[in-house]
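Reproduced below: entry14.cif, with mmCIF, C-alpha atoms.
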```cif
data_coords
loop_
_atom_site.label_atom_id
_atom_site.label_comp_id
_atom_site.auth_asym_id
_atom_site.auth_seq_id
_atom_site.Cartn_x
_atom_site.Cartn_y
_atom_site.Cartn_z
CA MET A 1 4.96 94.97 175.67
CA LYS A 2 2.05 94.21 173.42
CA SER A 3 4.22 93.81 170.38
CA LEU A 4 6.50 91.45 172.29
CA ALA A 5 3.55 89.19 173.16
CA SER A 6 2.31 89.11 169.59
CA LYS A 7 5.82 88.40 168.41
CA LYS A 8 5.91 85.37 170.71
CA VAL A 9 2.50 84.11 169.52
CA CYS A 10 3.66 84.47 165.95
CA LEU A 11 7.02 82.79 166.50
CA TYR A 12 5.68 79.83 168.48
CA GLY A 13 2.87 79.37 165.98
CA LEU A 14 5.42 79.35 163.21
CA LEU A 15 7.64 76.86 165.01
CA THR A 16 4.68 74.56 165.82
CA ALA A 17 3.66 74.66 162.16
CA ALA A 18 7.23 73.86 161.10
CA ALA A 19 7.39 70.95 163.54
CA LEU A 20 4.04 69.63 162.27
CA LEU A 21 5.21 69.91 158.69
CA PHE A 22 8.41 67.97 159.43
CA GLY A 23 6.27 65.35 161.13
CA TYR A 24 4.10 65.10 158.02
CA VAL A 25 7.11 64.71 155.73
CA GLU A 26 8.31 61.85 157.95
CA TYR A 27 4.86 60.29 157.87
CA LEU A 28 5.15 60.20 154.06
CA VAL A 29 8.56 58.47 154.23
CA PRO A 30 8.02 55.48 156.52
CA LEU A 31 11.11 53.77 157.90
CA ASN A 32 9.01 51.06 159.52
CA PHE A 33 10.83 48.24 157.79
CA ILE A 34 13.73 48.61 160.26
CA ALA A 35 11.56 48.38 163.39
CA PRO A 36 8.09 49.67 164.19
CA GLY A 37 7.75 53.37 164.73
CA ILE A 38 11.20 54.43 163.56
CA LYS A 39 11.35 58.05 162.44
CA LEU A 40 14.07 60.62 161.94
CA GLY A 41 12.42 63.04 164.36
CA ILE A 42 13.28 66.28 162.57
CA SER A 43 10.44 68.01 164.40
CA ASN A 44 12.45 67.35 167.54
CA GLY A 45 14.96 69.79 166.06
CA VAL A 46 12.46 72.61 166.55
CA VAL A 47 12.18 71.71 170.23
CA LEU A 48 15.96 71.48 170.51
CA LEU A 49 16.27 74.92 168.97
CA LEU A 50 14.08 76.38 171.72
CA ILE A 51 15.94 74.47 174.46
CA LEU A 52 19.30 75.74 173.23
CA ASN A 53 17.88 79.25 173.52
CA ASN A 54 16.99 78.48 177.17
CA ASN A 55 13.35 78.85 176.20
CA TYR A 56 12.15 75.84 178.19
CA LYS A 57 8.49 76.71 178.67
CA SER A 58 7.95 77.29 174.99
CA ALA A 59 9.86 74.10 174.17
CA PHE A 60 7.22 72.16 176.11
CA LEU A 61 4.38 74.21 174.70
CA VAL A 62 5.42 73.80 171.06
CA ASN A 63 6.17 70.09 171.52
CA ILE A 64 2.86 69.26 173.21
CA CYS A 65 0.89 71.26 170.62
CA ARG A 66 2.73 69.46 167.83
CA ILE A 67 2.17 66.00 169.33
CA VAL A 68 -1.55 66.49 170.02
CA LEU A 69 -2.18 68.03 166.61
CA SER A 70 -0.23 65.38 164.68
CA ALA A 71 -1.93 62.58 166.63
CA PHE A 72 -5.30 63.80 165.34
CA LEU A 73 -3.99 64.48 161.83
CA PHE A 74 -1.85 61.44 161.07
CA ALA A 75 -2.08 58.92 163.88
CA THR A 76 -4.54 57.33 166.25
CA PRO A 77 -5.51 58.45 169.75
CA PHE A 78 -3.89 55.21 170.91
CA SER A 79 -0.49 56.39 169.71
CA LEU A 80 -0.98 59.66 171.58
CA ILE A 81 0.01 58.13 174.92
CA PHE A 82 3.24 56.89 173.32
CA SER A 83 4.23 60.14 171.68
CA LEU A 84 3.10 62.37 174.53
CA THR A 85 5.00 60.55 177.31
CA ALA A 86 8.07 60.10 175.11
CA GLY A 87 7.94 63.71 173.95
CA ILE A 88 7.61 65.17 177.44
CA ILE A 89 10.28 63.00 179.06
CA SER A 90 12.81 63.44 176.25
CA THR A 91 12.25 67.21 176.34
CA LEU A 92 12.86 67.15 180.11
CA VAL A 93 16.09 65.19 179.66
CA MET A 94 17.34 67.53 176.94
CA ILE A 95 16.60 70.54 179.16
CA LEU A 96 18.57 68.86 181.96
CA LEU A 97 21.54 68.20 179.65
CA ASN A 98 21.42 71.78 178.40
CA ARG A 99 22.36 72.90 181.91
CA PHE A 100 25.76 71.19 181.63
CA LYS A 101 28.58 72.65 179.61
CA GLY A 102 30.10 69.27 178.71
CA PHE A 103 27.48 68.37 176.12
CA GLY A 104 27.39 69.59 172.54
CA VAL A 105 24.31 70.11 170.38
CA VAL A 106 24.74 66.67 168.80
CA GLY A 107 25.11 64.96 172.18
CA ILE A 108 21.99 66.56 173.67
CA SER A 109 19.98 65.61 170.60
CA ALA A 110 21.33 62.04 170.50
CA VAL A 111 20.50 61.39 174.16
CA GLY A 112 17.09 62.97 173.60
CA GLY A 113 16.45 60.59 170.69
CA ALA A 114 17.56 57.52 172.66
CA VAL A 115 15.45 58.50 175.70
CA HIS A 116 12.43 59.16 173.46
CA ASN A 117 12.55 55.62 172.08
CA LEU A 118 13.35 54.07 175.47
CA VAL A 119 10.24 55.69 176.96
CA GLN A 120 8.13 54.35 174.08
CA ILE A 121 9.39 50.83 174.78
CA ILE A 122 8.50 51.21 178.45
CA VAL A 123 5.01 52.51 177.60
CA ALA A 124 4.57 49.60 175.17
CA ARG A 125 5.62 47.20 177.93
CA LEU A 126 2.97 48.68 180.22
CA THR A 127 0.17 48.65 177.64
CA VAL A 128 0.91 45.58 175.52
CA GLY A 129 3.27 43.13 177.22
CA ARG A 130 6.78 41.83 177.71
CA GLY A 131 7.40 40.79 174.10
CA VAL A 132 8.16 44.36 173.06
CA PHE A 133 11.60 44.30 174.68
CA PHE A 134 12.91 42.44 171.64
CA TYR A 135 12.83 45.77 169.78
CA MET A 136 14.80 47.68 172.40
CA PRO A 137 18.28 47.51 170.81
CA TYR A 138 16.88 48.48 167.40
CA LEU A 139 14.99 51.44 168.80
CA LEU A 140 17.94 52.54 170.98
CA LEU A 141 20.32 52.44 168.04
CA ALA A 142 17.89 54.23 165.74
CA GLY A 143 17.12 56.82 168.42
CA VAL A 144 20.72 57.73 169.14
CA LEU A 145 21.72 57.90 165.45
CA ALA A 146 18.64 59.83 164.32
CA GLY A 147 19.05 62.16 167.31
CA ALA A 148 22.68 62.81 166.38
CA ALA A 149 21.69 63.52 162.76
CA VAL A 150 19.03 65.99 163.89
CA GLY A 151 21.61 67.58 166.20
CA VAL A 152 23.93 68.17 163.25
CA LEU A 153 21.04 69.72 161.28
CA VAL A 154 20.13 72.03 164.16
CA TRP A 155 23.73 73.10 164.64
CA LEU A 156 24.11 73.92 160.94
CA MET A 157 20.85 75.83 161.04
CA LEU A 158 21.87 77.80 164.10
CA LYS A 159 25.07 78.85 162.38
CA LYS A 160 23.10 80.16 159.40
CA ALA A 161 20.24 81.56 161.45
CA ALA A 162 22.50 83.74 163.59
CA LYS A 163 21.94 86.37 160.91
CA ILE A 164 18.16 86.02 160.79
CA LYS A 165 16.53 88.56 163.06
CA PHE A 166 13.21 86.92 163.86
CA LEU A 167 14.90 83.83 165.27
CA LYS A 168 16.53 85.87 168.00
CA PHE A 169 14.27 84.84 170.79
CA ASN A 170 15.04 87.00 173.76
CA MET B 1 24.78 80.52 171.53
CA ASN B 2 28.26 79.35 172.40
CA ARG B 3 27.67 75.61 172.68
CA LYS B 4 29.91 73.38 170.58
CA ALA B 5 28.49 71.06 167.94
CA VAL B 6 30.16 67.91 169.27
CA THR B 7 32.12 67.37 172.48
CA PRO B 8 34.20 64.34 173.58
CA LEU B 9 31.45 63.52 176.09
CA ASP B 10 28.91 63.38 173.21
CA ILE B 11 31.09 60.96 171.28
CA ILE B 12 31.60 58.69 174.31
CA ILE B 13 27.84 58.52 174.98
CA ILE B 14 26.92 57.90 171.34
CA ILE B 15 29.53 55.15 170.93
CA ALA B 16 28.47 53.55 174.23
CA VAL B 17 24.80 53.37 173.18
CA VAL B 18 25.69 52.08 169.69
CA VAL B 19 27.98 49.36 171.10
CA LEU B 20 25.40 48.36 173.72
CA SER B 21 22.55 48.02 171.23
CA LEU B 22 24.68 46.26 168.60
CA GLY B 23 25.85 43.87 171.34
CA ILE B 24 22.29 42.96 172.30
CA MET B 25 21.38 42.47 168.61
CA LEU B 26 24.40 40.24 168.04
CA ALA B 27 23.59 38.17 171.13
CA SER B 28 20.04 37.59 169.91
CA LEU B 29 21.35 36.47 166.49
CA PHE B 30 23.02 33.50 168.14
CA SER B 31 20.00 32.36 170.10
CA ASN B 32 18.58 28.95 169.28
CA SER B 33 15.56 28.11 167.18
CA GLY B 34 12.46 27.92 169.32
CA ASN B 35 9.85 25.23 169.30
CA LYS B 36 6.62 27.03 169.94
CA ALA B 37 4.86 30.28 169.16
CA VAL B 38 2.88 31.83 172.00
CA ILE B 39 0.22 34.37 171.13
CA THR B 40 -0.89 36.81 173.80
CA VAL B 41 -3.52 39.53 173.68
CA ASN B 42 -3.49 42.08 176.48
CA GLU B 43 -0.96 39.86 178.33
CA GLN B 44 -3.38 36.88 178.32
CA VAL B 45 -2.20 33.81 176.42
CA VAL B 46 -4.80 33.05 173.75
CA ALA B 47 -3.01 30.34 171.76
CA GLU B 48 0.16 28.23 171.62
CA TYR B 49 1.33 26.44 168.49
CA ASN B 50 4.17 24.01 167.86
CA LEU B 51 6.45 25.40 165.15
CA LEU B 52 6.67 21.93 163.57
CA ASN B 53 3.05 22.10 162.47
CA ASN B 54 1.84 24.38 159.72
CA VAL B 55 -0.91 26.61 161.08
CA LYS B 56 -3.13 29.38 159.75
CA LYS B 57 -5.21 30.95 162.46
CA GLU B 58 -7.31 34.09 162.58
CA ILE B 59 -7.04 35.84 165.95
CA LYS B 60 -10.22 37.87 166.42
CA THR B 61 -10.43 40.14 169.47
CA GLN B 62 -12.28 43.28 170.50
CA TYR B 63 -9.31 45.23 169.14
CA GLY B 64 -9.24 43.72 165.65
CA VAL B 65 -8.17 40.81 163.48
CA ASN B 66 -4.68 39.35 162.89
CA THR B 67 -3.97 36.22 160.89
CA VAL B 68 -1.02 34.30 162.35
CA GLU B 69 0.61 31.62 160.20
CA ILE B 70 3.30 29.01 160.78
CA LEU B 71 5.00 27.64 157.70
CA ASN B 72 8.08 25.37 157.70
CA GLY B 73 9.04 26.25 161.26
CA GLU B 74 8.71 30.01 160.81
CA CYS B 75 5.96 32.15 162.24
CA PHE B 76 4.56 35.34 160.71
CA VAL B 77 1.49 37.54 160.62
CA SER B 78 0.00 37.41 157.13
CA PHE B 79 -2.90 39.79 157.64
CA ALA B 80 -3.98 42.53 160.03
CA ASP B 81 -6.86 44.97 159.77
CA CYS B 82 -5.03 47.77 161.57
CA ARG B 83 -3.96 50.86 159.68
CA ASP B 84 -0.18 50.51 159.64
CA GLY B 85 0.38 46.76 159.22
CA ILE B 86 3.70 46.83 161.06
CA CYS B 87 3.19 43.27 162.31
CA VAL B 88 2.79 42.05 158.71
CA SER B 89 5.92 43.85 157.50
CA ARG B 90 7.87 42.43 160.47
CA GLY B 91 8.35 39.22 158.47
CA LYS B 92 9.16 35.73 159.73
CA ILE B 93 10.45 34.80 163.16
CA SER B 94 11.77 31.46 164.45
CA LYS B 95 14.36 32.05 167.19
CA ILE B 96 13.79 32.05 170.94
CA GLY B 97 12.94 35.52 172.19
CA GLU B 98 11.94 36.93 168.81
CA SER B 99 8.54 38.52 168.70
CA ILE B 100 5.99 40.19 166.48
CA VAL B 101 4.08 43.02 168.12
CA CYS B 102 0.82 44.59 167.00
CA LEU B 103 0.41 47.60 169.25
CA PRO B 104 -3.10 48.69 168.24
CA HIS B 105 -4.46 45.16 168.79
CA LYS B 106 -2.33 44.57 171.93
CA LEU B 107 -1.19 41.31 170.34
CA ILE B 108 2.23 39.72 170.72
CA VAL B 109 3.51 36.57 169.02
CA GLU B 110 6.59 35.32 170.85
CA ILE B 111 8.84 32.35 170.10
CA LYS B 112 9.70 30.18 173.10
#
```
Structure re-expressed in C-alpha coordinates:
Amino acid sequence: MKSLASKKVCLYGLLTAAALLFGYVEYLVPLNFIAPGIKLGISNGVVLLLILNNNYKSAFLVNICRIVLSAFLFATPFSLIFSLTAGIISTLVMILLNRFKGFGVVGISAVGGAVHNLVQIIVARLTVGRGVFFYMPYLLLAGVLAGAAVGVLVWLMLKKAAKIKFLKFN
Amino acid sequence: MNRKAVTPLDIIIIIAVVVLSLGIMLASLFSNSGNKAVITVNEQVVAEYNLLNNVKKEIKTQYGVNTVEILNGECFVSFADCRDGICVSRGKISKIGESIVCLPHKLIVEIK
(Lines of atoms letter the chains of each structure in order from A and count residues from 1; the text may use other names and numbers.)
(Lines give C-alpha, C1' and ligand atoms only; values in the text may rest on other atoms or scores of the structure.)
Protein backbone atom coordinates (compact mmCIF):
# COMPACT_ATOMS: atom_id res chain seq x y z
CA MET A 1 0.00 0.00 0.00
CA LYS A 2 2.71 2.40 1.00
CA SER A 3 4.59 1.99 -2.23
CA LEU A 4 1.38 2.61 -4.19
CA ALA A 5 0.86 5.94 -2.40
CA SER A 6 4.42 7.06 -3.01
CA LYS A 7 4.09 6.01 -6.62
CA LYS A 8 1.06 8.27 -6.94
CA VAL A 9 2.82 11.23 -5.28
CA CYS A 10 5.74 10.75 -7.62
CA LEU A 11 3.61 10.39 -10.76
CA TYR A 12 1.35 13.37 -10.05
CA GLY A 13 4.34 15.49 -9.11
CA LEU A 14 5.98 14.53 -12.37
CA LEU A 15 2.85 15.31 -14.38
CA THR A 16 2.36 18.68 -12.63
CA ALA A 17 5.99 19.54 -13.38
CA ALA A 18 5.51 18.52 -17.02
CA ALA A 19 2.36 20.64 -17.29
CA LEU A 20 4.17 23.62 -15.73
CA LEU A 21 7.06 23.21 -18.12
CA PHE A 22 4.74 23.13 -21.15
CA GLY A 23 3.09 26.26 -19.80
CA TYR A 24 6.49 27.95 -19.53
CA VAL A 25 7.42 27.01 -23.10
CA GLU A 26 4.14 28.58 -24.27
CA TYR A 27 4.84 31.67 -22.21
CA LEU A 28 8.11 32.05 -24.16
CA VAL A 29 6.30 31.76 -27.51
CA PRO A 30 3.48 34.32 -27.32
CA LEU A 31 0.70 34.03 -29.89
CA ASN A 32 -0.92 37.21 -28.63
CA PHE A 33 -0.87 38.89 -32.02
CA ILE A 34 -3.90 36.81 -33.08
CA ALA A 35 -6.04 37.74 -30.07
CA PRO A 36 -5.22 38.33 -26.42
CA GLY A 37 -4.41 35.28 -24.37
CA ILE A 38 -4.16 32.76 -27.20
CA LYS A 39 -2.06 29.73 -26.30
CA LEU A 40 -1.68 26.21 -27.61
CA GLY A 41 -2.52 24.71 -24.22
CA ILE A 42 -0.18 21.72 -24.35
CA SER A 43 -0.33 21.48 -20.56
CA ASN A 44 -3.99 20.65 -21.05
CA GLY A 45 -2.72 17.46 -22.68
CA VAL A 46 -1.45 16.28 -19.31
CA VAL A 47 -4.92 16.76 -17.83
CA LEU A 48 -6.47 14.99 -20.82
CA LEU A 49 -4.10 12.08 -20.31
CA LEU A 50 -5.37 11.63 -16.75
CA ILE A 51 -9.02 11.99 -17.81
CA LEU A 52 -8.62 9.34 -20.50
CA ASN A 53 -7.30 7.04 -17.78
CA ASN A 54 -10.51 7.72 -15.79
CA ASN A 55 -8.34 9.38 -13.16
CA TYR A 56 -10.67 12.32 -12.59
CA LYS A 57 -9.63 13.39 -9.10
CA SER A 58 -6.00 13.61 -10.04
CA ALA A 59 -6.90 15.45 -13.26
CA PHE A 60 -8.39 18.22 -11.11
CA LEU A 61 -5.55 18.09 -8.63
CA VAL A 62 -2.78 18.34 -11.22
CA ASN A 63 -4.61 21.06 -13.16
CA ILE A 64 -5.31 23.26 -10.13
CA CYS A 65 -1.72 22.87 -8.88
CA ARG A 66 -0.41 23.79 -12.31
CA ILE A 67 -2.66 26.84 -12.64
CA VAL A 68 -1.91 28.24 -9.18
CA LEU A 69 1.82 27.65 -9.55
CA SER A 70 2.06 29.14 -13.04
CA ALA A 71 -0.01 32.17 -12.00
CA PHE A 72 2.62 33.00 -9.38
CA LEU A 73 5.53 32.16 -11.68
CA PHE A 74 4.55 33.75 -14.99
CA ALA A 75 1.32 35.68 -14.61
CA THR A 76 -0.49 38.01 -12.28
CA PRO A 77 -2.94 37.14 -9.50
CA PHE A 78 -5.53 38.94 -11.63
CA SER A 79 -5.19 36.34 -14.37
CA LEU A 80 -5.66 33.58 -11.79
CA ILE A 81 -9.44 33.99 -11.74
CA PHE A 82 -9.47 33.58 -15.54
CA SER A 83 -7.29 30.50 -15.69
CA LEU A 84 -8.76 28.85 -12.61
CA THR A 85 -12.42 29.10 -13.65
CA ALA A 86 -11.61 28.17 -17.25
CA GLY A 87 -9.39 25.30 -16.16
CA ILE A 88 -11.92 23.82 -13.74
CA ILE A 89 -14.92 24.11 -16.06
CA SER A 90 -13.11 22.77 -19.14
CA THR A 91 -11.81 19.84 -17.08
CA LEU A 92 -15.38 19.13 -15.93
CA VAL A 93 -16.66 19.21 -19.51
CA MET A 94 -13.90 16.90 -20.73
CA ILE A 95 -14.68 14.45 -17.90
CA LEU A 96 -18.34 14.55 -18.94
CA LEU A 97 -17.47 13.86 -22.60
CA ASN A 98 -15.17 11.02 -21.56
CA ARG A 99 -18.25 9.17 -20.30
CA PHE A 100 -19.65 8.93 -23.83
CA LYS A 101 -18.31 6.48 -26.36
CA GLY A 102 -19.08 8.68 -29.37
CA PHE A 103 -16.21 11.10 -28.80
CA GLY A 104 -12.61 10.52 -29.80
CA VAL A 105 -9.51 11.91 -28.08
CA VAL A 106 -9.33 14.80 -30.55
CA GLY A 107 -13.01 15.67 -30.07
CA ILE A 108 -12.81 15.73 -26.27
CA SER A 109 -9.72 17.92 -26.42
CA ALA A 110 -11.22 20.29 -29.02
CA VAL A 111 -14.41 20.83 -27.02
CA GLY A 112 -12.29 21.30 -23.90
CA GLY A 113 -10.25 24.00 -25.66
CA ALA A 114 -13.34 25.81 -26.95
CA VAL A 115 -15.06 25.70 -23.53
CA HIS A 116 -11.86 26.94 -21.84
CA ASN A 117 -11.80 30.06 -24.02
CA LEU A 118 -15.57 30.57 -23.80
CA VAL A 119 -15.37 30.60 -20.00
CA GLN A 120 -12.54 33.16 -20.15
CA ILE A 121 -14.70 35.43 -22.31
CA ILE A 122 -17.56 35.14 -19.83
CA VAL A 123 -15.24 35.91 -16.89
CA ALA A 124 -13.86 38.89 -18.82
CA ARG A 125 -17.43 40.08 -19.44
CA LEU A 126 -18.13 39.90 -15.71
CA THR A 127 -14.93 41.67 -14.63
CA VAL A 128 -14.26 44.15 -17.43
CA GLY A 129 -17.33 44.83 -19.57
CA ARG A 130 -19.32 44.08 -22.69
CA GLY A 131 -16.64 45.08 -25.21
CA VAL A 132 -14.83 41.77 -24.78
CA PHE A 133 -17.41 39.88 -26.83
CA PHE A 134 -15.72 41.14 -29.99
CA TYR A 135 -12.98 38.57 -29.36
CA MET A 136 -15.35 35.63 -28.97
CA PRO A 137 -15.12 34.18 -32.51
CA TYR A 138 -11.32 34.47 -32.50
CA LEU A 139 -11.01 32.75 -29.14
CA LEU A 140 -13.56 30.05 -30.07
CA LEU A 141 -11.75 29.27 -33.30
CA ALA A 142 -8.34 29.25 -31.63
CA GLY A 143 -9.65 27.12 -28.76
CA VAL A 144 -11.18 24.43 -30.93
CA LEU A 145 -8.17 24.20 -33.28
CA ALA A 146 -5.54 24.27 -30.52
CA GLY A 147 -7.59 21.73 -28.57
CA ALA A 148 -7.74 19.42 -31.59
CA ALA A 149 -3.97 19.75 -32.10
CA VAL A 150 -3.32 18.87 -28.46
CA GLY A 151 -5.72 15.93 -28.83
CA VAL A 152 -3.66 14.59 -31.73
CA LEU A 153 -0.47 14.98 -29.65
CA VAL A 154 -2.00 13.14 -26.70
CA TRP A 155 -3.26 10.33 -28.90
CA LEU A 156 0.17 9.87 -30.50
CA MET A 157 1.75 9.90 -27.06
CA LEU A 158 -0.67 7.34 -25.70
CA LYS A 159 0.14 5.01 -28.56
CA LYS A 160 3.86 5.25 -27.77
CA ALA A 161 3.41 5.28 -24.00
CA ALA A 162 1.46 2.03 -23.95
CA LYS A 163 4.86 0.38 -23.59
CA ILE A 164 6.10 2.63 -20.79
CA LYS A 165 5.41 1.02 -17.43
CA PHE A 166 5.26 4.03 -15.12
CA LEU A 167 2.47 5.63 -17.13
CA LYS A 168 0.16 2.74 -16.38
CA PHE A 169 -1.92 4.45 -13.78
CA ASN A 170 -4.13 1.86 -12.19
CA MET B 1 -7.37 2.66 -23.62
CA ASN B 2 -9.66 1.78 -26.49
CA ARG B 3 -10.91 5.23 -27.45
CA LYS B 4 -10.47 6.24 -31.08
CA ALA B 5 -8.40 9.25 -32.09
CA VAL B 6 -11.13 10.92 -34.14
CA THR B 7 -14.80 10.01 -34.51
CA PRO B 8 -17.42 11.39 -36.94
CA LEU B 9 -19.01 13.20 -33.99
CA ASP B 10 -15.67 14.96 -33.30
CA ILE B 11 -15.44 16.13 -36.89
CA ILE B 12 -19.02 17.44 -36.91
CA ILE B 13 -18.45 19.43 -33.70
CA ILE B 14 -15.10 20.86 -34.82
CA ILE B 15 -16.47 21.91 -38.22
CA ALA B 16 -19.57 23.43 -36.59
CA VAL B 17 -17.49 25.58 -34.22
CA VAL B 18 -15.08 26.63 -37.00
CA VAL B 19 -17.95 27.62 -39.33
CA LEU B 20 -19.76 29.48 -36.54
CA SER B 21 -16.72 31.52 -35.51
CA LEU B 22 -15.63 32.24 -39.10
CA GLY B 23 -19.22 33.35 -39.82
CA ILE B 24 -19.20 35.84 -36.94
CA MET B 25 -15.78 37.15 -38.04
CA LEU B 26 -16.96 37.58 -41.63
CA ALA B 27 -20.10 39.39 -40.49
CA SER B 28 -18.05 41.84 -38.44
CA LEU B 29 -15.78 42.52 -41.45
CA PHE B 30 -18.75 44.00 -43.29
CA SER B 31 -19.87 46.29 -40.50
CA ASN B 32 -19.76 50.01 -41.16
CA SER B 33 -17.17 52.52 -40.03
CA GLY B 34 -18.13 54.01 -36.70
CA ASN B 35 -18.12 57.64 -35.76
CA LYS B 36 -17.06 57.68 -32.15
CA ALA B 37 -14.75 55.91 -29.74
CA VAL B 38 -16.14 55.26 -26.28
CA ILE B 39 -13.69 54.56 -23.48
CA THR B 40 -14.94 52.74 -20.41
CA VAL B 41 -13.11 51.78 -17.23
CA ASN B 42 -14.80 49.26 -14.96
CA GLU B 43 -17.97 49.64 -17.09
CA GLN B 44 -18.13 53.42 -16.40
CA VAL B 45 -17.80 55.66 -19.47
CA VAL B 46 -14.81 57.94 -18.88
CA ALA B 47 -14.49 59.57 -22.31
CA GLU B 48 -16.06 59.76 -25.77
CA TYR B 49 -14.23 61.06 -28.84
CA ASN B 50 -15.37 61.75 -32.38
CA LEU B 51 -13.26 59.72 -34.80
CA LEU B 52 -13.03 62.75 -37.12
CA ASN B 53 -10.81 64.58 -34.65
CA ASN B 54 -7.25 63.57 -33.95
CA VAL B 55 -6.85 62.92 -30.24
CA LYS B 56 -4.06 61.86 -27.91
CA LYS B 57 -5.29 61.27 -24.41
CA GLU B 58 -3.71 59.65 -21.37
CA ILE B 59 -6.25 57.63 -19.37
CA LYS B 60 -4.99 57.46 -15.79
CA THR B 61 -6.91 55.28 -13.34
CA GLN B 62 -6.23 53.44 -10.11
CA TYR B 63 -5.36 50.42 -12.25
CA GLY B 64 -2.76 52.08 -14.48
CA VAL B 65 -2.10 54.26 -17.49
CA ASN B 66 -3.18 53.80 -21.14
CA THR B 67 -2.63 56.33 -23.89
CA VAL B 68 -5.50 56.29 -26.39
CA GLU B 69 -4.97 57.98 -29.75
CA ILE B 70 -7.20 58.76 -32.72
CA LEU B 71 -5.44 59.43 -36.00
CA ASN B 72 -7.17 59.78 -39.39
CA GLY B 73 -10.37 58.13 -38.23
CA GLU B 74 -8.67 55.15 -36.60
CA CYS B 75 -8.36 54.56 -32.89
CA PHE B 76 -5.53 52.74 -31.12
CA VAL B 77 -3.75 52.45 -27.80
CA SER B 78 -0.19 53.73 -28.20
CA PHE B 79 1.06 53.12 -24.68
CA ALA B 80 0.15 51.06 -21.62
CA ASP B 81 2.10 50.49 -18.43
CA CYS B 82 0.79 46.96 -17.93
CA ARG B 83 3.10 44.00 -18.33
CA ASP B 84 1.79 42.37 -21.50
CA GLY B 85 0.79 45.32 -23.69
CA ILE B 86 -1.90 43.35 -25.49
CA CYS B 87 -3.98 46.50 -26.02
CA VAL B 88 -1.04 48.17 -27.79
CA SER B 89 -0.40 45.18 -30.07
CA ARG B 90 -4.14 45.04 -30.90
CA GLY B 91 -3.54 47.76 -33.50
CA LYS B 92 -6.03 50.18 -35.04
CA ILE B 93 -9.80 49.91 -34.94
CA SER B 94 -12.44 51.92 -36.82
CA LYS B 95 -15.54 49.77 -37.43
CA ILE B 96 -18.69 49.62 -35.33
CA GLY B 97 -18.42 46.96 -32.65
CA GLU B 98 -14.63 46.66 -32.76
CA SER B 99 -12.93 47.06 -29.43
CA ILE B 100 -9.59 47.20 -27.69
CA VAL B 101 -9.52 45.58 -24.28
CA CYS B 102 -6.96 46.04 -21.52
CA LEU B 103 -7.88 43.42 -18.95
CA PRO B 104 -5.49 44.40 -16.15
CA HIS B 105 -6.66 48.04 -16.29
CA LYS B 106 -10.33 47.08 -16.85
CA LEU B 107 -10.32 49.47 -19.82
CA ILE B 108 -12.28 49.02 -23.03
CA VAL B 109 -12.19 51.25 -26.11
CA GLU B 110 -15.22 50.53 -28.27
CA ILE B 111 -16.24 52.00 -31.64
CA LYS B 112 -19.88 53.05 -31.90
Dump as a VMD selection string the residues of chain A that approach chain B to within 6 Å, counting all atoms listed in the file. chain A and resid 103 to 107 128 to 129 131 137 141
To one decimal in Å, tell me the separation between CA of Glu26 (chain A) and CA of Ile95 (chain A).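 Interatomic distance here is 24.4 Å.
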For the PyMOL selection byres ((chain B and resi 47-49) around 9), applied here, can you spell out every residue it catches as an MDAnalysis selection string? chainID B and resid 35:40 45:46 50:53 55 59 70
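For the pair CA of Leu71 (chain B) and CA of Asn54 (chain B), the separation is 5.0 Å.
Going from CA of Gly112 (chain A) to CA of Ser90 (chain A) covers 5.1 Å.
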